[in-house]
Structure formats: structure tokens, C-alpha cells
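final09.cif, holding mmCIF, C-alpha atoms:
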```cif
data_data
loop_
_atom_site.label_atom_id
_atom_site.label_comp_id
_atom_site.auth_asym_id
_atom_site.auth_seq_id
_atom_site.Cartn_x
_atom_site.Cartn_y
_atom_site.Cartn_z
CA MET A 1 17.42 37.78 -37.28
CA SER A 2 18.72 40.42 -39.61
CA GLN A 3 17.43 43.67 -40.97
CA TYR A 4 16.83 44.35 -44.61
CA GLY A 5 15.59 47.21 -46.71
CA ILE A 6 12.81 47.17 -49.26
CA ALA A 7 13.08 48.27 -52.88
CA ILE A 8 10.68 48.85 -55.74
CA ILE A 9 11.47 48.79 -59.45
CA GLY A 10 9.03 50.34 -61.89
CA ASP A 11 8.25 53.36 -64.00
CA ASP A 12 9.07 56.70 -62.43
CA GLU A 13 5.52 57.80 -61.85
CA THR A 14 4.57 54.60 -60.06
CA VAL A 15 7.56 54.27 -57.78
CA ALA A 16 7.89 57.91 -56.69
CA GLY A 17 5.19 57.69 -54.03
CA PHE A 18 6.74 54.69 -52.30
CA GLY A 19 9.44 56.91 -50.85
CA ALA A 20 6.88 58.07 -48.30
CA ALA A 21 6.84 54.57 -46.81
CA GLY A 22 10.63 54.32 -46.75
CA ILE A 23 10.79 52.00 -49.74
CA ALA A 24 13.78 52.63 -51.99
CA ALA A 25 12.58 53.57 -55.48
CA TYR A 26 14.46 52.48 -58.60
CA PRO A 27 12.81 54.13 -61.58
CA VAL A 28 13.35 52.42 -64.94
CA SER A 29 11.94 53.08 -68.38
CA ASP A 30 11.87 49.66 -70.06
CA SER A 31 12.14 45.93 -69.35
CA ASP A 32 15.81 45.78 -70.32
CA SER A 33 16.88 48.38 -67.82
CA ALA A 34 14.55 46.78 -65.27
CA LEU A 35 16.49 43.55 -65.71
CA GLY A 36 19.82 45.31 -65.21
CA VAL A 37 18.57 47.14 -62.14
CA LEU A 38 17.09 43.95 -60.68
CA GLN A 39 20.40 42.13 -61.12
CA ASN A 40 22.19 44.89 -59.22
CA VAL A 41 19.55 45.50 -56.60
CA ARG A 42 19.23 41.85 -55.60
CA LYS A 43 22.88 41.84 -54.55
CA MET A 44 22.24 44.71 -52.16
CA ASN A 45 20.82 44.40 -48.70
CA TYR A 46 17.17 44.22 -49.65
CA GLY A 47 14.86 41.62 -48.17
CA ILE A 48 11.96 42.35 -50.49
CA ILE A 49 12.05 43.70 -54.02
CA PHE A 50 8.78 44.75 -55.61
CA ILE A 51 8.61 45.06 -59.36
CA THR A 52 5.69 46.42 -61.34
CA GLU A 53 3.74 43.99 -63.50
CA ALA A 54 4.60 45.81 -66.72
CA TYR A 55 8.31 45.11 -66.24
CA ALA A 56 8.01 41.82 -64.39
CA LYS A 57 6.50 40.29 -67.52
CA GLY A 58 9.79 40.18 -69.42
CA LEU A 59 11.60 38.85 -66.38
CA GLU A 60 9.47 35.87 -65.47
CA THR A 61 12.14 33.21 -65.90
CA LEU A 62 14.65 35.21 -63.90
CA ILE A 63 12.12 35.83 -61.16
CA ILE A 64 11.21 32.16 -61.01
CA ASN A 65 14.88 31.21 -60.78
CA ILE A 66 15.68 33.67 -58.02
CA GLY A 67 12.29 33.05 -56.47
CA THR A 68 13.38 29.72 -55.08
CA GLU A 69 16.14 31.31 -53.00
CA ALA A 70 15.12 32.45 -49.55
CA LEU A 71 16.05 36.08 -50.00
CA PRO A 72 15.43 38.52 -51.49
CA ILE A 73 11.76 37.92 -52.04
CA ILE A 74 10.78 39.23 -55.45
CA ILE A 75 7.11 40.06 -55.87
CA SER A 76 5.31 41.71 -58.76
CA ILE A 77 2.65 44.30 -58.00
CA PRO A 78 0.43 46.31 -60.31
CA GLY A 79 1.78 49.64 -61.49
CA LYS A 80 -0.12 52.90 -61.92
CA GLU A 81 -1.89 51.50 -64.98
CA GLY A 82 -3.83 49.23 -62.64
CA SER A 83 -3.93 45.52 -61.97
CA LYS A 84 -3.96 43.25 -64.97
CA GLY A 85 -4.61 40.29 -62.72
CA VAL A 86 -1.05 39.05 -63.17
CA GLY A 87 -0.67 38.31 -59.47
CA ILE A 88 -3.89 36.31 -59.19
CA LYS A 89 -3.19 34.47 -62.43
CA TRP A 90 0.23 33.59 -61.15
CA LEU A 91 -1.28 32.23 -57.93
CA GLN A 92 -3.69 30.11 -59.93
CA LYS A 93 -0.80 28.72 -61.97
CA VAL A 94 1.18 27.86 -58.87
CA ALA A 95 -1.85 26.23 -57.27
CA GLU A 96 -2.56 24.25 -60.41
CA ARG A 97 0.99 22.98 -60.61
CA ALA A 98 1.06 21.97 -56.97
CA VAL A 99 -2.40 20.50 -56.53
CA GLY A 100 -3.02 19.27 -60.05
CA PHE A 101 -6.00 21.42 -60.85
CA ASP A 102 -7.11 25.02 -60.58
CA ILE A 103 -8.63 25.26 -57.12
CA LEU A 104 -8.92 29.02 -56.96
CA SER A 105 -11.20 29.83 -59.84
CA GLN A 106 -13.25 26.68 -59.30
CA ASN A 107 -15.03 27.58 -56.08
CA LYS A 108 -15.42 31.26 -56.60
CA MET B 109 12.51 -3.13 -67.11
CA ARG B 110 14.63 -5.49 -65.10
CA LEU B 111 17.75 -4.37 -63.29
CA ALA B 112 21.03 -5.70 -64.67
CA VAL B 113 22.07 -8.07 -61.91
CA LYS B 114 23.21 -11.69 -61.79
CA PRO B 115 20.50 -14.11 -60.58
CA THR B 116 22.26 -15.21 -57.41
CA ARG B 117 20.97 -15.68 -53.90
CA MET B 118 23.19 -12.84 -52.69
CA GLU B 119 21.62 -10.43 -55.14
CA LEU B 120 18.15 -11.64 -54.26
CA LEU B 121 18.66 -10.91 -50.58
CA GLY B 122 20.07 -7.47 -51.40
CA LEU B 123 17.16 -6.67 -53.69
CA ARG B 124 14.58 -7.73 -51.13
CA LYS B 125 16.18 -5.34 -48.65
CA ARG B 126 16.14 -2.54 -51.23
CA LEU B 127 12.51 -3.17 -52.05
CA LYS B 128 11.55 -2.96 -48.40
CA LEU B 129 13.44 0.32 -48.09
CA ALA B 130 11.88 1.71 -51.27
CA ARG B 131 8.37 0.88 -50.00
CA ARG B 132 9.07 2.52 -46.66
CA GLY B 133 10.52 5.61 -48.41
CA HIS B 134 7.48 5.75 -50.66
CA GLU B 135 5.16 5.67 -47.66
CA LEU B 136 7.05 8.47 -45.88
CA LEU B 137 7.26 10.66 -48.97
CA LYS B 138 3.56 10.22 -49.56
CA GLN B 139 2.85 11.37 -46.02
CA ARG B 140 5.14 14.36 -46.53
CA ARG B 141 3.43 15.24 -49.78
CA ASP B 142 0.00 15.11 -48.15
CA GLU B 143 1.14 17.26 -45.25
CA LEU B 144 2.67 19.85 -47.60
CA MET B 145 -0.50 19.85 -49.63
CA ARG B 146 -2.61 20.41 -46.53
CA ARG B 147 -0.50 23.41 -45.60
CA PHE B 148 -0.57 24.69 -49.16
CA LEU B 149 -4.36 24.62 -49.23
CA GLU B 150 -4.41 26.42 -45.90
CA VAL B 151 -2.21 29.25 -47.16
CA ILE B 152 -3.43 29.62 -50.73
CA ARG B 153 -6.72 31.25 -49.74
CA ASP B 154 -4.99 33.74 -47.43
CA SER B 155 -2.62 34.44 -50.23
CA LYS B 156 -5.38 35.21 -52.67
CA ALA B 157 -7.21 37.41 -50.18
CA GLN B 158 -4.00 39.28 -49.35
CA ARG B 159 -3.29 39.83 -53.05
CA GLU B 160 -6.73 41.28 -53.66
CA LYS B 161 -6.64 43.49 -50.57
CA THR B 162 -3.19 44.83 -51.38
CA GLU B 163 -4.03 45.56 -54.99
CA LEU B 164 -7.07 47.57 -53.94
CA LEU B 165 -5.03 49.63 -51.51
CA LEU B 166 -2.32 50.09 -54.12
CA GLU B 167 -4.80 51.47 -56.59
CA LYS B 168 -6.12 53.92 -54.02
CA SER B 169 -2.62 54.97 -53.10
CA TYR B 170 -1.56 55.54 -56.72
CA LYS B 171 -4.60 57.66 -57.34
CA GLU B 172 -3.99 59.84 -54.33
CA THR B 173 -0.31 60.21 -55.06
CA ALA B 174 -1.07 61.29 -58.62
CA GLU B 175 -3.59 63.84 -57.36
CA ALA B 176 -1.14 65.31 -54.88
CA ARG B 177 1.56 65.41 -57.49
CA ALA B 178 -0.61 67.30 -59.90
CA LEU B 179 -1.05 70.05 -57.32
CA MET B 180 2.64 70.45 -56.58
CA ASP B 181 5.73 71.32 -58.50
CA GLU B 182 8.05 68.42 -59.19
CA SER B 183 10.90 69.32 -56.84
CA SER B 184 8.75 69.90 -53.77
CA PHE B 185 6.89 66.67 -54.49
CA ARG B 186 10.17 64.76 -54.63
CA SER B 187 11.55 66.30 -51.47
CA SER B 188 8.30 65.57 -49.60
CA MET B 189 8.51 61.94 -50.63
CA PHE B 190 12.05 61.68 -49.46
CA ILE B 191 12.64 60.45 -45.93
CA GLY B 192 16.12 60.20 -44.57
CA LYS B 193 15.72 56.78 -43.05
CA PRO B 194 14.63 53.84 -45.18
CA ALA B 195 12.11 51.39 -43.75
CA LEU B 196 13.69 48.22 -42.41
CA VAL B 197 12.18 44.81 -41.96
CA ASP B 198 13.36 42.03 -39.70
CA VAL B 199 13.52 38.80 -41.60
CA GLU B 200 13.83 35.60 -39.68
CA VAL B 201 14.20 32.52 -41.81
CA LYS B 202 12.61 29.61 -40.00
CA ASN B 203 12.74 25.94 -40.81
CA VAL B 204 9.19 24.62 -40.88
CA GLY B 205 8.98 20.93 -41.68
CA GLY B 206 12.15 20.97 -43.74
CA LEU B 207 11.28 24.16 -45.56
CA TRP B 208 13.01 27.50 -45.07
CA LEU B 209 10.32 30.09 -44.73
CA PRO B 210 10.77 33.78 -43.98
CA ARG B 211 8.97 35.41 -41.06
CA ILE B 212 8.93 39.13 -41.56
CA THR B 213 8.31 41.57 -38.78
CA THR B 214 8.38 45.28 -39.16
CA SER B 215 7.52 48.48 -37.43
CA ALA B 216 5.81 51.42 -39.10
CA PRO B 217 8.11 53.26 -41.49
CA PRO B 218 9.41 56.65 -40.33
CA ALA B 219 7.14 59.48 -41.32
CA PRO B 220 8.31 61.89 -43.98
CA VAL B 221 9.07 65.38 -42.79
CA TYR B 222 7.70 68.29 -44.74
CA GLY B 223 6.16 71.64 -44.06
CA PHE B 224 2.40 71.32 -43.79
CA ALA B 225 1.96 74.98 -44.68
CA THR B 226 3.54 74.72 -48.10
CA THR B 227 2.06 71.43 -49.24
CA PRO B 228 -1.47 70.60 -50.33
CA ALA B 229 -3.70 68.59 -48.01
CA LYS B 230 -3.88 65.94 -50.74
CA LEU B 231 -0.28 65.12 -50.04
CA ASP B 232 -1.10 64.13 -46.48
CA THR B 233 -3.80 61.79 -47.74
CA ALA B 234 -1.40 60.26 -50.24
CA VAL B 235 1.34 59.78 -47.67
CA SER B 236 -0.96 58.26 -45.08
CA SER B 237 -2.46 55.80 -47.52
CA MET B 238 1.01 54.80 -48.63
CA ARG B 239 1.91 54.16 -45.00
CA GLU B 240 -1.27 52.18 -44.56
CA LEU B 241 -0.29 50.11 -47.57
CA PHE B 242 3.18 49.34 -46.25
CA PRO B 243 2.34 46.49 -43.82
CA GLU B 244 0.04 44.92 -46.42
CA LEU B 245 2.85 44.85 -48.97
CA ILE B 246 5.12 43.14 -46.45
CA LYS B 247 2.44 40.58 -45.62
CA LEU B 248 1.90 39.94 -49.33
CA ALA B 249 5.59 39.27 -49.83
CA GLU B 250 5.60 36.85 -46.93
CA VAL B 251 2.57 34.80 -47.93
CA GLU B 252 3.45 34.69 -51.61
CA HIS B 253 6.93 33.56 -50.83
CA THR B 254 5.57 30.84 -48.57
CA ILE B 255 3.26 29.69 -51.34
CA ARG B 256 6.13 29.56 -53.80
CA ALA B 257 8.30 27.54 -51.47
CA LEU B 258 5.48 25.12 -50.66
CA ALA B 259 4.56 24.68 -54.31
CA SER B 260 8.06 23.87 -55.43
CA GLU B 261 8.54 21.47 -52.51
CA ILE B 262 5.28 19.72 -53.38
CA ALA B 263 6.42 19.35 -56.99
CA ILE B 264 9.74 17.82 -55.93
CA THR B 265 8.14 15.45 -53.43
CA ARG B 266 5.52 14.39 -55.93
CA ARG B 267 8.21 13.60 -58.51
CA ARG B 268 10.01 11.43 -55.97
CA VAL B 269 6.82 9.61 -54.97
CA ASN B 270 6.06 8.91 -58.63
CA ALA B 271 9.57 7.76 -59.42
CA LEU B 272 9.43 5.26 -56.57
CA GLU B 273 5.90 4.14 -57.32
CA HIS B 274 6.15 3.78 -61.08
CA ILE B 275 9.80 3.04 -61.74
CA MET B 276 11.89 1.96 -58.78
CA ILE B 277 9.46 -0.37 -57.01
CA PRO B 278 8.19 -2.16 -60.16
CA ARG B 279 11.76 -2.70 -61.35
CA LEU B 280 12.83 -4.17 -58.05
CA GLU B 281 9.77 -6.43 -57.96
CA GLU B 282 10.37 -7.61 -61.50
CA THR B 283 14.01 -8.34 -60.86
CA ILE B 284 13.17 -10.24 -57.69
CA ARG B 285 10.59 -12.34 -59.58
CA TYR B 286 13.14 -13.01 -62.30
CA ILE B 287 15.80 -14.21 -59.87
CA GLU B 288 13.30 -16.38 -57.99
CA MET B 289 12.25 -17.97 -61.25
CA LYS B 290 15.84 -18.55 -62.30
CA MET B 291 16.61 -20.14 -58.97
CA ASP B 292 13.55 -22.39 -59.14
CA ASP B 293 14.66 -23.45 -62.59
CA ALA B 294 18.13 -24.24 -61.36
CA GLU B 295 16.70 -26.22 -58.44
CA ARG B 296 14.42 -28.28 -60.68
CA ALA B 297 17.27 -28.93 -63.08
CA GLU B 298 19.44 -30.08 -60.22
CA PHE B 299 16.65 -32.28 -58.80
CA SER B 300 16.08 -34.08 -62.06
CA ALA B 301 19.81 -34.43 -62.61
CA ARG B 302 20.15 -35.94 -59.16
CA THR B 303 17.27 -38.38 -59.77
CA LYS B 304 18.87 -39.41 -63.01
CA ILE B 305 22.22 -39.97 -61.35
CA LYS B 306 20.56 -41.98 -58.61
CA GLU B 307 18.84 -44.21 -61.20
CA ILE B 308 22.07 -44.76 -63.05
CA ALA B 309 23.87 -45.53 -59.85
CA GLU B 310 21.17 -47.97 -58.71
CA LYS B 311 21.19 -49.69 -62.11
CA ALA B 312 24.93 -49.95 -62.02
CA GLY B 313 24.74 -51.39 -58.48
CA LYS B 314 22.22 -54.11 -59.52
CA ASN B 315 24.21 -55.08 -62.58
CA GLY B 316 27.34 -55.29 -60.54
CA ALA B 317 25.81 -57.54 -57.89
#
```

Give the structure from the file, written as C-alpha cells.
Amino acid sequence: MSQYGIAIIGDDETVAGFGAAGIAAYPVSDSDSALGVLQNVRKMNYGIIFITEAYAKGLETLIINIGTEALPIIISIPGKEGSKGVGIKWLQKVAERAVGFDILSQNK
Amino acid sequence: MRLAVKPTRMELLGLRKRLKLARRGHELLKQRRDELMRRFLEVIRDSKAQREKTELLLEKSYKETAEARALMDESSFRSSMFIGKPALVDVEVKNVGGLWLPRITTSAPPAPVYGFATTPAKLDTAVSSMRELFPELIKLAEVEHTIRALASEIAITRRRVNALEHIMIPRLEETIRYIEMKMDDAERAEFSARTKIKEIAEKAGKNGA
């Protein structure tokens, strides 16, 4: 068992508040810098890295590639602009690929 | 498509063994796929519920943080948000049915230290909802990671099952049939050759006598 920190990457306004929960904030201003920061941050001792939906969008392939490794866990969460349903849509896609059809939206 | 092997008895015996193995492997992989699928279906609903719950709390937390921030000057907001010790999580990676899944345990993050007199009450609300959010975020990371791992394992297992079912097993069966046919042919050819030789020999014997 080992101990890891938690980080969040996103726009400054969104990430600032996470400091109150002890989550390390990495403010970025665009997807390119988000990519650079993610590349650096994932080599540090973080067990979970959150990234806001707005910036996660450009990084999907990278996230999928790293996502198969055990750690760090990279998860996208909505930013201050609110949820665009990216997380739920992603879940539906995963479910569809694994089961063969969309089980989540079917029995709503 | 037939495998490129010589139609000999040796090959036939080898192929029969391989076919048996392939069928057994197919059976086991199918069982594994079904078990993974069962677990996937178990977790996917939790995962969806956790996603929705966390996103609601996030929204609330953002709103409160923005309100508190609007009432404060930038530097005091930043210093209030800053806590000396970062939150730490214990991650134990456990092997569950051949899959490495993280189990995350954590204690409440250390509380930020700031003067209550100089900060607006809104800040306290914002901080406490952020701390309430914290365990939900951790849980979300854990379940979504589990779902990812299960989904990719299901995809791999399904590919293997299909490859055995639609390619490997039919090819082995076809090759085995081909060799059996070839060997039957050879046997018939030999039988008729032998009968012929026998006739000739008998004829020769009669003429000679």
C-alpha cells in the first residue's frame, strides 16, 4: 500500500477551490498547455489526476492510452461551465463497446 | 482455409490434440468473458450513479466557491484555499480475477486554516462543500477506473473467443478432414493395388502349374 497525492488540471477559476480539499491545482489556459502539464504531472507521485472536460476533450487519445495503466487514474470532471454530459456519454460508450449495445440509456 | 501441413498420420494426431486444446481454451475463455461481463454489469450502474452524484456536488461547490471569491480580494482568497498539507490517498492495487484494480482508501483532507473574523461566512460554506465533495471524487475515480479495466479486459477476451471460434477451430477441423480424406484415398488406392497384384499373382500361379 502506498500513498499518493491528488491533482487537478483545469482553468484557473475552476481549480482554485480544490485547494481547500488538499488537491493540488494546476491551472492552465488552453488544451495545449493542459497536455504539457498532464505529461509532467503524471510522472509525479499522484494517484488520481482530475482534468476538466473542456481540456480533456483534446486529450482523449492520450487519456485512453494512459487510462489502461493502473496508476495514475485520469478522470475528467465538469469545469465551472457545468457538465456537458461528457462523463455519462463516455460511460455509455464504454458500456456499448463491452456489452455490445447501449445498456445505460435503454432502461432509463 | 486449411493449414499448410503434410497429410500424414503424425500431423493428424498432432492436429487432433490441438483441436481438443483449442475447444477447451474456447470454453474457458467464454466462461471468463461471461464472468467479466457479469461484474461489468454490476459496476456500471454504480458508476453511473456515482458520476451523477459527484457532478451535482461539483456544481454546488463551484457555485459556492465563486460566491465566496466574489466577496473577497484575490490574495486572501488564495491564501484561504491554501493548506500546507496536501490530501493523501492510500492506493492498494489488488488482483481480482486476473485484473489489477485499485482500492482507494482515504481520510478526510486536512482543514484549511484561516481567520474566521476576516473572511466571509460564504467561504466556510464553500470550503465545507469542497470537503464534502472530496470522498465522492475519490470514489468516482475508483469506480470509473474499474469500469475501464473491466471493459478493456472484456474486449480482449471477446476477441480471443472469436478468433478461436471463427478462425482457429474451423481451420483445424478442415485440416483434419482433409488429412482423413487423403488417408482414406491412399488406403483405397493401396487396397485396389493389392487386389490387382493378388489377381496377377494368382493368374501367374495357375498358368505356371

Do you know which residues are at most 12 Å from Arg97 in chain A counting all atoms listed in the file, after dropping those on the same chain fewer than 2 positions away, and could you put them as an NGL selection string?
-> (:A and (90-95 or 99-103)) or (:B and (145 or 148 or 255-256 or 258-264 or 266))

A:Ile88, A:Ala56, A:Val37, A:Val15: which is nearest Arg159 in chain B, counting all atoms listed in the file?
-> A:Ile88

Which residues fall under the PyMOL selection byres ((chain A) within 10 of (chain B)) in this file, as a ChimeraX atom specification?
-> /A:1-7,13-24,46-50,64,67-83,85,87-88,91-92,94-100,103-104

Evaluate the PyMOL selection byres ((chain B and resi 116-125) around 10) and report residues as a PyMOL selection string | chain B and resi 111+113-115+126-130+280-281+283-288+290-291

Find the distance between CA of Thr233 in chain B and CA of Ala178 in chain B and write it in Å to one decimal.
-> 13.7 Å

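Residues selected in this file by the PyMOL selection byres ((chain B and resi 134) around 9) comprise B:Leu129, B:Ala130, B:Arg131, B:Arg132, B:Gly133, B:Glu135, B:Leu136, B:Leu137, B:Lys138, B:Gln139, B:Arg268, B:Val269, B:Asn270, B:Leu272, B:Glu273.
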
Could you work out how far CA of Ala25 in chain A lies from CA of Glu53 in chain A, giving the answer in Å with one decimal?
-> 15.3 Å

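Taking CA of Ser29 in chain A as the reference point, CA of Tyr55 in chain A is found at 9.0 Å.
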
Leu38 in chain A environment, 9 Å, all atoms listed in the file, sequence neighbours closer than 3 positions dropped, as an MDAnalysis selection string = chainID A and resid 9 33:35 41:43 49 51

Once you have the residues from the selection above, write them out as a JSON list (two decimals), in the frame of the given file, restricted to C-alpha atoms.
```
[["chain", "number", "residue", "atom", "x", "y", "z"],
["A", 9, "ILE", "CA", 11.47, 48.79, -59.45],
["A", 33, "SER", "CA", 16.88, 48.38, -67.82],
["A", 34, "ALA", "CA", 14.55, 46.78, -65.27],
["A", 35, "LEU", "CA", 16.49, 43.55, -65.71],
["A", 41, "VAL", "CA", 19.55, 45.50, -56.60],
["A", 42, "ARG", "CA", 19.23, 41.85, -55.60],
["A", 43, "LYS", "CA", 22.88, 41.84, -54.55],
["A", 49, "ILE", "CA", 12.05, 43.70, -54.02],
["A", 51, "ILE", "CA", 8.61, 45.06, -59.36]]
```
